Each structure stands twice: as structure tokens, then as C-alpha cells.
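Text of my_file-v4.cif, listed as mmCIF, C-alpha atoms:
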data_target
loop_
_atom_site.label_atom_id
_atom_site.label_comp_id
_atom_site.auth_asym_id
_atom_site.auth_seq_id
_atom_site.Cartn_x
_atom_site.Cartn_y
_atom_site.Cartn_z
CA MET A 1 -12.77 -13.74 -16.31
CA ASN A 2 -15.08 -10.81 -15.58
CA ARG A 3 -15.08 -7.43 -17.32
CA SER A 4 -12.81 -5.61 -14.87
CA SER A 5 -10.32 -8.50 -14.85
CA GLN A 6 -10.27 -8.47 -18.67
CA GLU A 7 -9.49 -4.74 -18.76
CA GLU A 8 -6.75 -5.10 -16.16
CA ALA A 9 -5.17 -7.99 -18.05
CA VAL A 10 -5.16 -6.06 -21.34
CA CYS A 11 -3.58 -3.03 -19.62
CA ARG A 12 -0.71 -5.18 -18.38
CA LEU A 13 -0.24 -6.73 -21.81
CA LEU A 14 -0.08 -3.23 -23.30
CA GLU A 15 2.63 -2.28 -20.82
CA LYS A 16 4.76 -5.14 -22.15
CA ARG A 17 3.98 -5.08 -25.87
CA GLY A 18 2.95 -1.52 -26.70
CA VAL A 19 0.46 -2.60 -29.39
CA LEU A 20 -2.30 -5.22 -29.37
CA THR A 21 -4.63 -6.30 -32.14
CA THR A 22 -8.19 -7.29 -31.32
CA GLY A 23 -7.26 -10.79 -32.43
CA GLU A 24 -4.43 -10.89 -29.88
CA ILE A 25 -6.75 -9.61 -27.16
CA ALA A 26 -9.32 -12.28 -28.00
CA GLY A 27 -6.63 -14.98 -28.03
CA GLU A 28 -5.06 -13.93 -24.72
CA LEU A 29 -8.40 -13.64 -22.92
CA GLY A 30 -10.20 -16.50 -24.64
CA CYS A 31 -13.06 -14.20 -25.62
CA SER A 32 -14.88 -13.33 -28.83
CA SER A 33 -13.68 -10.68 -31.29
CA ALA A 34 -16.71 -8.56 -30.39
CA THR A 35 -15.78 -8.65 -26.70
CA ALA A 36 -12.18 -7.79 -27.57
CA ARG A 37 -13.35 -4.75 -29.54
CA ARG A 38 -15.51 -3.59 -26.61
CA ILE A 39 -12.57 -3.90 -24.21
CA ALA A 40 -10.36 -1.92 -26.59
CA GLY A 41 -13.05 0.73 -26.88
CA ARG A 42 -13.42 1.14 -23.11
CA LEU A 43 -9.65 1.51 -22.64
CA ALA A 44 -9.55 4.12 -25.41
CA GLU A 45 -12.44 6.02 -23.81
CA ASN A 46 -10.53 6.10 -20.53
CA ARG A 47 -7.37 7.31 -22.35
CA ILE A 48 -5.40 4.24 -21.35
CA ALA A 49 -4.85 3.34 -25.01
CA ARG A 50 -5.20 4.87 -28.47
CA ARG A 51 -7.33 3.16 -31.10
CA ILE A 52 -5.46 2.13 -34.26
CA HIS A 53 -6.61 0.12 -37.24
CA GLY A 54 -7.34 -3.38 -36.00
CA GLY A 55 -6.41 -2.80 -32.36
CA ILE A 56 -4.99 -0.40 -29.76
CA ARG A 57 -1.66 1.22 -28.98
CA ARG A 58 -0.29 2.14 -25.57
CA ILE A 59 -0.29 5.85 -24.81
CA GLU A 60 3.30 6.67 -23.95
CA PRO A 61 3.90 7.66 -20.31
CA ASP A 62 3.96 11.30 -19.28
CA ALA A 63 4.35 13.08 -15.96
CA ASN A 64 0.77 12.16 -14.98
CA GLN A 65 0.44 8.61 -16.28
CA SER A 66 -2.04 7.31 -13.73
CA ILE A 67 -4.72 4.79 -14.60
CA PRO A 68 -8.11 6.48 -14.03
CA PHE A 69 -9.50 5.75 -10.57
CA PRO A 70 -12.94 4.49 -11.72
CA LEU A 71 -11.20 1.85 -13.84
CA ARG A 72 -8.78 0.71 -11.12
CA GLU A 73 -11.60 0.68 -8.57
CA GLN A 74 -13.27 -2.20 -10.43
CA TRP A 75 -10.17 -4.41 -10.58
CA PHE A 76 -10.05 -7.18 -7.94
CA SER A 77 -12.62 -5.34 -5.83
CA ARG A 78 -13.38 -8.28 -3.52
CA GLU A 79 -9.69 -8.86 -2.80
CA LYS A 80 -9.09 -5.15 -2.21
CA ARG A 81 -12.00 -5.00 0.24
CA LEU A 82 -10.60 -7.94 2.22
CA ILE A 83 -7.14 -6.36 2.25
CA ALA A 84 -8.56 -3.06 3.52
CA GLU A 85 -10.62 -4.78 6.22
CA THR A 86 -7.57 -6.69 7.42
CA ALA A 87 -5.39 -3.57 7.45
CA ALA A 88 -8.02 -1.52 9.30
CA GLY A 89 -8.08 -4.19 11.99
CA LEU A 90 -4.40 -3.46 12.73
CA ILE A 91 -5.12 0.17 13.70
CA ALA A 92 -6.34 1.13 17.16
CA ARG A 93 -9.41 3.33 17.50
CA ASN A 94 -8.82 7.08 17.74
CA SER A 95 -5.45 6.80 16.04
CA VAL A 96 -3.91 9.49 13.85
CA ILE A 97 -3.32 7.89 10.45
CA PHE A 98 -2.00 8.85 7.05
CA ILE A 99 -3.85 7.25 4.15
CA HIS A 100 -2.26 7.57 0.73
CA GLY A 101 -4.80 7.66 -2.09
CA GLY A 102 -5.41 4.50 -4.10
CA SER A 103 -8.18 2.18 -5.18
CA THR A 104 -7.41 -0.26 -2.34
CA THR A 105 -6.90 2.31 0.41
CA THR A 106 -10.17 4.05 -0.53
CA TRP A 107 -12.00 1.03 0.92
CA LEU A 108 -10.74 2.23 4.31
CA GLY A 109 -13.22 5.09 4.08
CA ASN A 110 -15.98 2.53 4.73
CA LEU A 111 -14.24 1.21 7.84
CA ILE A 112 -12.64 4.02 9.85
CA ASP A 113 -14.99 5.81 12.23
CA SER A 114 -12.76 7.59 14.76
CA GLY A 115 -9.48 9.43 15.22
CA SER A 116 -7.86 11.66 12.60
CA VAL A 117 -7.27 10.85 8.93
CA ILE A 118 -4.67 12.81 6.97
CA THR A 119 -5.08 11.93 3.30
CA ASN A 120 -4.24 13.19 -0.17
CA SER A 121 -7.23 11.29 -1.62
CA LEU A 122 -10.27 13.33 -2.61
CA HIS A 123 -12.23 10.10 -3.14
CA LEU A 124 -11.51 8.93 0.41
CA ALA A 125 -12.32 12.31 1.95
CA GLU A 126 -15.65 12.45 0.09
CA LEU A 127 -16.53 8.91 1.14
CA ILE A 128 -16.00 9.76 4.81
CA ARG A 129 -17.99 12.98 4.37
CA GLN A 130 -20.91 11.02 2.96
CA ARG A 131 -20.79 8.54 5.85
CA PHE A 132 -20.57 11.28 8.47
CA PRO A 133 -22.26 14.44 7.12
CA SER A 134 -22.35 16.03 10.60
CA ASP A 135 -19.53 16.46 13.11
CA GLU A 136 -19.41 12.75 13.93
CA GLY A 137 -16.78 10.37 12.63
CA PRO A 138 -13.06 10.88 12.13
CA GLU A 139 -11.42 14.25 11.62
CA VAL A 140 -10.27 14.55 8.00
CA ILE A 141 -7.25 16.66 7.05
CA ILE A 142 -6.39 17.23 3.37
CA PRO A 143 -2.97 18.70 2.50
CA GLY A 144 -2.43 21.08 -0.38
CA GLY A 145 -0.82 19.99 -3.61
CA THR A 146 -1.32 19.51 -7.32
CA LEU A 147 -4.37 17.50 -8.37
CA ASP A 148 -3.75 14.31 -10.33
CA ARG A 149 -7.06 14.32 -12.16
CA LYS A 150 -6.95 10.67 -13.19
CA ALA A 151 -6.14 9.32 -9.75
CA GLY A 152 -8.06 11.89 -7.71
CA ILE A 153 -5.12 12.56 -5.40
CA LEU A 154 -2.99 15.56 -4.43
CA THR A 155 0.71 15.27 -5.25
CA GLY A 156 3.90 17.31 -5.47
CA THR A 157 6.19 19.25 -3.16
CA ARG A 158 3.42 21.35 -1.65
CA ALA A 159 1.62 18.21 -0.51
CA GLU A 160 4.89 16.81 0.86
CA ARG A 161 5.58 19.96 2.87
CA ALA A 162 2.09 19.93 4.38
CA ILE A 163 2.29 16.25 5.32
CA ALA A 164 5.73 16.73 6.89
CA GLY A 165 4.06 18.98 9.47
CA TYR A 166 2.27 16.00 11.03
CA HIS A 167 3.21 12.76 12.79
CA ALA A 168 0.90 9.75 12.61
CA ASP A 169 0.53 6.52 14.51
CA ALA A 170 0.40 4.66 11.20
CA VAL A 171 0.39 5.09 7.43
CA LEU A 172 -1.73 2.90 5.18
CA PHE A 173 -0.60 3.05 1.56
CA SER A 174 -0.49 1.28 -1.76
CA ALA A 175 1.58 1.83 -4.90
CA ARG A 176 1.90 0.94 -8.58
CA GLY A 177 3.99 -2.18 -8.05
CA VAL A 178 6.56 -4.07 -5.99
CA ASP A 179 9.74 -6.03 -6.64
CA GLU A 180 12.32 -7.84 -4.52
CA ALA A 181 14.00 -4.56 -3.55
CA GLY A 182 10.96 -2.54 -2.51
CA ILE A 183 8.06 -0.40 -3.66
CA LEU A 184 7.57 1.21 -7.08
CA ASP A 185 5.20 4.02 -7.98
CA THR A 186 3.88 5.83 -11.03
CA ASN A 187 6.07 8.93 -10.90
CA ASP A 188 8.20 11.06 -8.59
CA ALA A 189 5.34 13.33 -7.52
CA THR A 190 3.17 10.45 -6.34
CA ALA A 191 6.07 8.56 -4.75
CA GLY A 192 7.24 11.64 -2.87
CA VAL A 193 3.94 12.08 -1.04
CA ALA A 194 3.76 8.42 0.02
CA ARG A 195 7.43 8.49 1.06
CA THR A 196 6.84 11.55 3.26
CA MET A 197 3.89 9.82 4.94
CA ILE A 198 6.03 6.77 5.66
CA GLU A 199 8.85 8.91 7.09
CA HIS A 200 6.44 10.63 9.50
CA ALA A 201 4.51 7.58 10.74
CA HIS A 202 5.30 5.12 13.53
CA LEU A 203 3.93 2.09 11.65
CA ALA A 204 3.99 1.57 7.84
CA VAL A 205 1.37 -0.79 6.42
CA MET A 206 1.26 -1.50 2.68
CA LEU A 207 -1.94 -2.73 1.02
CA ALA A 208 -1.27 -4.58 -2.25
CA ASP A 209 -3.53 -6.82 -4.29
CA HIS A 210 -1.77 -9.74 -5.97
CA SER A 211 -1.39 -7.94 -9.33
CA LYS A 212 1.08 -5.45 -7.83
CA PHE A 213 3.73 -8.18 -7.98
CA ARG A 214 3.64 -8.05 -11.76
CA ALA A 215 3.34 -4.29 -12.22
CA ALA A 216 6.15 -1.81 -12.87
CA GLY A 217 6.63 1.82 -11.90
CA MET A 218 9.39 4.23 -12.83
CA ALA A 219 9.87 5.77 -9.37
CA ARG A 220 11.42 3.94 -6.43
CA LEU A 221 9.27 4.77 -3.41
CA VAL A 222 11.01 3.01 -0.49
CA PRO A 223 12.95 -0.23 0.12
CA TRP A 224 11.27 -3.01 2.07
CA GLY A 225 13.19 -1.99 5.14
CA ALA A 226 10.87 1.01 5.49
CA VAL A 227 7.74 -1.19 5.56
CA ASP A 228 6.52 -2.93 8.72
CA ILE A 229 3.53 -4.91 7.44
CA LEU A 230 2.39 -6.02 3.98
CA VAL A 231 -1.25 -7.07 3.55
CA THR A 232 -1.77 -8.83 0.22
CA GLY A 233 -3.60 -11.54 -1.69
CA ALA A 234 -2.30 -15.09 -1.28
CA CYS A 235 -1.51 -15.79 -4.94
CA PRO A 236 0.64 -18.95 -5.37
CA GLU A 237 2.86 -17.46 -8.09
CA ASN A 238 3.84 -14.61 -5.73
CA LEU A 239 5.04 -16.91 -2.94
CA PRO A 240 8.77 -16.83 -3.89
CA MET A 241 8.81 -13.02 -3.82
CA LEU A 242 6.81 -12.95 -0.58
CA GLU A 243 9.45 -15.14 1.02
CA THR A 244 12.16 -12.73 -0.16
CA ILE A 245 10.21 -9.82 1.30
CA ARG A 246 9.67 -11.65 4.60
CA LYS A 247 13.41 -12.22 4.95
CA GLN A 248 13.86 -8.43 4.85
CA GLY A 249 11.91 -8.07 8.10
CA VAL A 250 8.42 -7.37 6.76
CA LYS A 251 5.47 -9.03 8.47
CA ILE A 252 3.18 -10.48 5.79
CA ILE A 253 -0.56 -10.99 6.22
CA THR A 254 -2.53 -12.59 3.39
CA VAL A 255 -6.16 -12.75 2.35
CA PRO A 256 -7.77 -14.94 -0.34
CA CYS A 257 -6.54 -13.99 -3.81
CA GLU A 258 -8.98 -12.99 -6.56
CA GLU A 259 -7.51 -15.07 -9.36
CA GLY A 260 -9.87 -14.05 -12.13
CA GLY A 261 -7.56 -11.35 -13.44
CA ALA A 262 -4.21 -13.11 -13.24
CA ARG A 263 -2.19 -12.76 -16.40
#

Can the structure from this file be put into C-alpha cells for me?
Amino acid sequence: MNRSSQEEAVCRLLEKRGVLTTGEIAGELGCSSATARRIAGRLAENRIARRIHGGIRRIEPDANQSIPFPLREQWFSREKRLIAETAAGLIARNSVIFIHGGSTTTWLGNLIDSGSVITNSLHLAELIRQRFPSDEGPEVIIPGGTLDRKAGILTGTRAERAIAGYHADAVLFSARGVDEAGILDTNDATAGVARTMIEHAHLAVMLADHSKFRAAGMARLVPWGAVDILVTGACPENLPMLETIRKQGVKIITVPCEEGGAR
């Protein structure tokens, strides 16, 4: 298990247990105590956890409980790249598309080279700017809103109102997690922006690495009936839920699953 997969696994354990000792981290990951302490230290530095004697404690959720983008960006990066490449192949050139900010959807900034992109992601907008510093490349439109500093996205009612003024050929989005009923996100502000994009797009494509099937979020974004296509990693343990999702009318496209971080 590589470094990013270790961090992701510990984050998910913290969500369930609240407190972890370095001994528990070492036991769960099969690593040394020194490695466990380094992992705990990195999570504390990124304000995902609080150091306590002998381990770490989960920081209780607040209105902006997003995992920092640089940390999420490392998790399952190969799988996320494949998911983004597959999703980009579904979109015709010169389309108008919404892209909701996330570590998987940011990969789309390396792939899209035409049309118009309406996004709440500052990371994605900057990536496209770096690729096309002149007037070439896709038009980029950024709505107003409140900055989620951890995630690097614009959220809230002002962002929703701005997005509602557009109609797109497609929306490409991710979220905190999924279950049999639909999509879950971090909080109401983040979910509201993605929901508005979905409501104002002709085609809704969700990008979800395999870990999303074991992640929880407090806000219900949309039911599966609002999603047309799900692009995800082909993880064997997710197959029963994928079959449930398929029966709700969602087309499912899979890519190889990056198993190193499964928990």
C-alpha cells in the first residue's frame, strides 16, 4: 500500500471510530510504528485529525468539512485519471459542459481543449489557463460564490444562482460518496451547486473512484434517477451495489480499479 493509499485508509477508519492509536494504525495497515506516526503527523498537519497522546482523534465535522484538495488529489490517482479519460470521451467537441470541482474531475482539465467549461473549481480553471495561456482552448466561466478553502471550489446560493443562468450539454461531477439510493456529498452548500448543474444539463455523468462506495456524506445530492452515466473503478466488492444502481436506469462504465487503498 503506497503513502496516499495509507492516508486514505486511515481517514476512513477515523470516520468510523473517531480515535486511532498509532498501534491500531500500524496493525490495520501492516506497517511499522514509525510509519504509523508519520501518517498521523501528515493528517494532523492537513487538519484532518488532531494529535492526542499515542494517536489521533477525528476533528468533528463543521460546515466546511472538506478533505484538503492536495491530499485527495494523491488518492487513487491512476484510477481517477482513467475515469476522467473515459468520461471525457463521452463528450463531443465544442460542447458546453458543467464541471463540478473535485480531485477526479480536475483531471478533465488535461483533456478538454474546446467548447465552453462552466466550473466552480479554481484548480480546474487554473489548469486550463496554464495549458492555454493565450486565447486558444476552451472558454472558461467561473460563477460567483463562497470559497471552500480546503477543496478549492466555490459553493453556496450565489454560485447556484449564477449556474442556473446557463444550460449545458453535459455535467461531469463527483461527490463524497454513494449508496443504493443515490449520491451523497459533504454538506448542503457543496451539494446544492452540483445539484443545480445536474438540473441544468442535458446529460449527467458521475465520476467516482471505487472508494466512493464506502464513503458517507451528510447531504443527499440527487437520487440515481437523475444520473445518466456512472464511470467508476471495477472493484469486485462494489459489484452488488453497481447492479442495484444499474437497475435504476444508470449506464455504468468501468475502468481498472486501483486496489492498493481498499479498506

Within 6 Å of segment 80-86 of chain A, counting only C-alpha atoms, which residues qualify if same-chain residues fewer than 6 places away don't, as a PyMOL selection string? chain A and resi 104+107-108

Go ahead and save the residues from that selection, with C-alpha atoms, as a PDB file, in the coordinates of the input.
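The resulting file, out.pdb, is shown below:
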ATOM      1  CA  THR A 104      -7.410  -0.260  -2.340  1.00  0.00           C
ATOM      2  CA  TRP A 107     -12.000   1.030   0.920  1.00  0.00           C
ATOM      3  CA  LEU A 108     -10.740   2.230   4.310  1.00  0.00           C
TER       4      LEU A 108
END

Which residues are near segment 34-45 of chain A? Cut-off 7 Å, all atoms listed in the file, ignore same chain within fewer than 4 positions. Put them as a PyMOL selection string. chain A and resi 7+22+25-26+49-51+56

Write out, as JSON lines, each residue of segment 74-109 of chain A that has an atom at most 10 Å from segment 195-199 of chain A, together with the closest pair of atoms and their distance in Å to one decimal, counting all atoms listed in the file, rows going by chain and rising number.
{"residue": "A:Ile97", "atom": "CA", "partner": "A:Met197", "partner_atom": "CA", "distance": 9.3}
{"residue": "A:Phe98", "atom": "CA", "partner": "A:Met197", "partner_atom": "CA", "distance": 6.3}
{"residue": "A:Ile99", "atom": "CA", "partner": "A:Met197", "partner_atom": "CA", "distance": 8.2}
{"residue": "A:His100", "atom": "CA", "partner": "A:Met197", "partner_atom": "CA", "distance": 7.8}

When you draw a straight line from atom CA of Gln130 of chain A to atom CA of Glu79 of chain A, how long is it in Å? 23.5 Å

Using all atoms listed in the file, which residues of segment 185-256 of chain A come within 12 Å of segment 147-153 of chain A, and what is the closest atom pair for each, with the distance in Å to one decimal? Give it as a Markdown table, sorted by chain and residue number.
| residue | atom | partner | partner_atom | distance |
| --- | --- | --- | --- | --- |
| A:Thr186 | CA | A:Ala151 | CA | 10.7 |
| A:Asn187 | CA | A:Asp148 | CA | 11.2 |
| A:Ala189 | CA | A:Asp148 | CA | 9.6 |
| A:Thr190 | CA | A:Ile153 | CA | 8.6 |
| A:Ala191 | CA | A:Ile153 | CA | 11.9 |
| A:Val193 | CA | A:Ile153 | CA | 10.1 |
| A:Ala194 | CA | A:Ile153 | CA | 11.2 |

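Taking all atoms listed in the file into account, the polymer residues that have an atom no farther than 8 Å from (-2.8, 24.4, -0.6) are Pro143, Gly144, Gly145, Arg158 and Ala159 of chain A.
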
Mind writing the picked residues with C-alpha atoms as a tab-separated table (two decimals), in the coordinates of the input?
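Once everything was written out, this is result.tsv:
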chain	number	residue	atom	x	y	z
A	143	PRO	CA	-2.97	18.70	2.50
A	144	GLY	CA	-2.43	21.08	-0.38
A	145	GLY	CA	-0.82	19.99	-3.61
A	158	ARG	CA	3.42	21.35	-1.65
A	159	ALA	CA	1.62	18.21	-0.51

Tell me which residues the PyMOL selection byres ((chain A and resi 169-184) around 6) grabs here, as a VMD selection string. chain A and resid 96 to 100 168 185 to 186 201 to 208 212 to 213 215 to 217 219 to 224

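Nearest-residue note for Lys251 of chain A: choosing from A:Gly225, A:Gly156, A:Gly102, A:Pro236, the minimum distance belongs to A:Gly225, counting all atoms listed in the file.
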
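When you apply the PyMOL selection byres ((chain A and resi 139) around 8) to this structure, what comes back is A:Ser114, A:Gly115, A:Ser116, A:Val117, A:Gly137, A:Pro138, A:Val140, A:Ile141.
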
Take every atom of segment 180-193 of chain A listed in the file, pad by 4 Å on each side, and give me the axis-aligned box centre and edge lengths in Å, one decimal, as JSON.
{"center_x": 8.6, "center_y": 2.7, "center_z": -6.0, "size_x": 18.8, "size_y": 29.2, "size_z": 18.0}
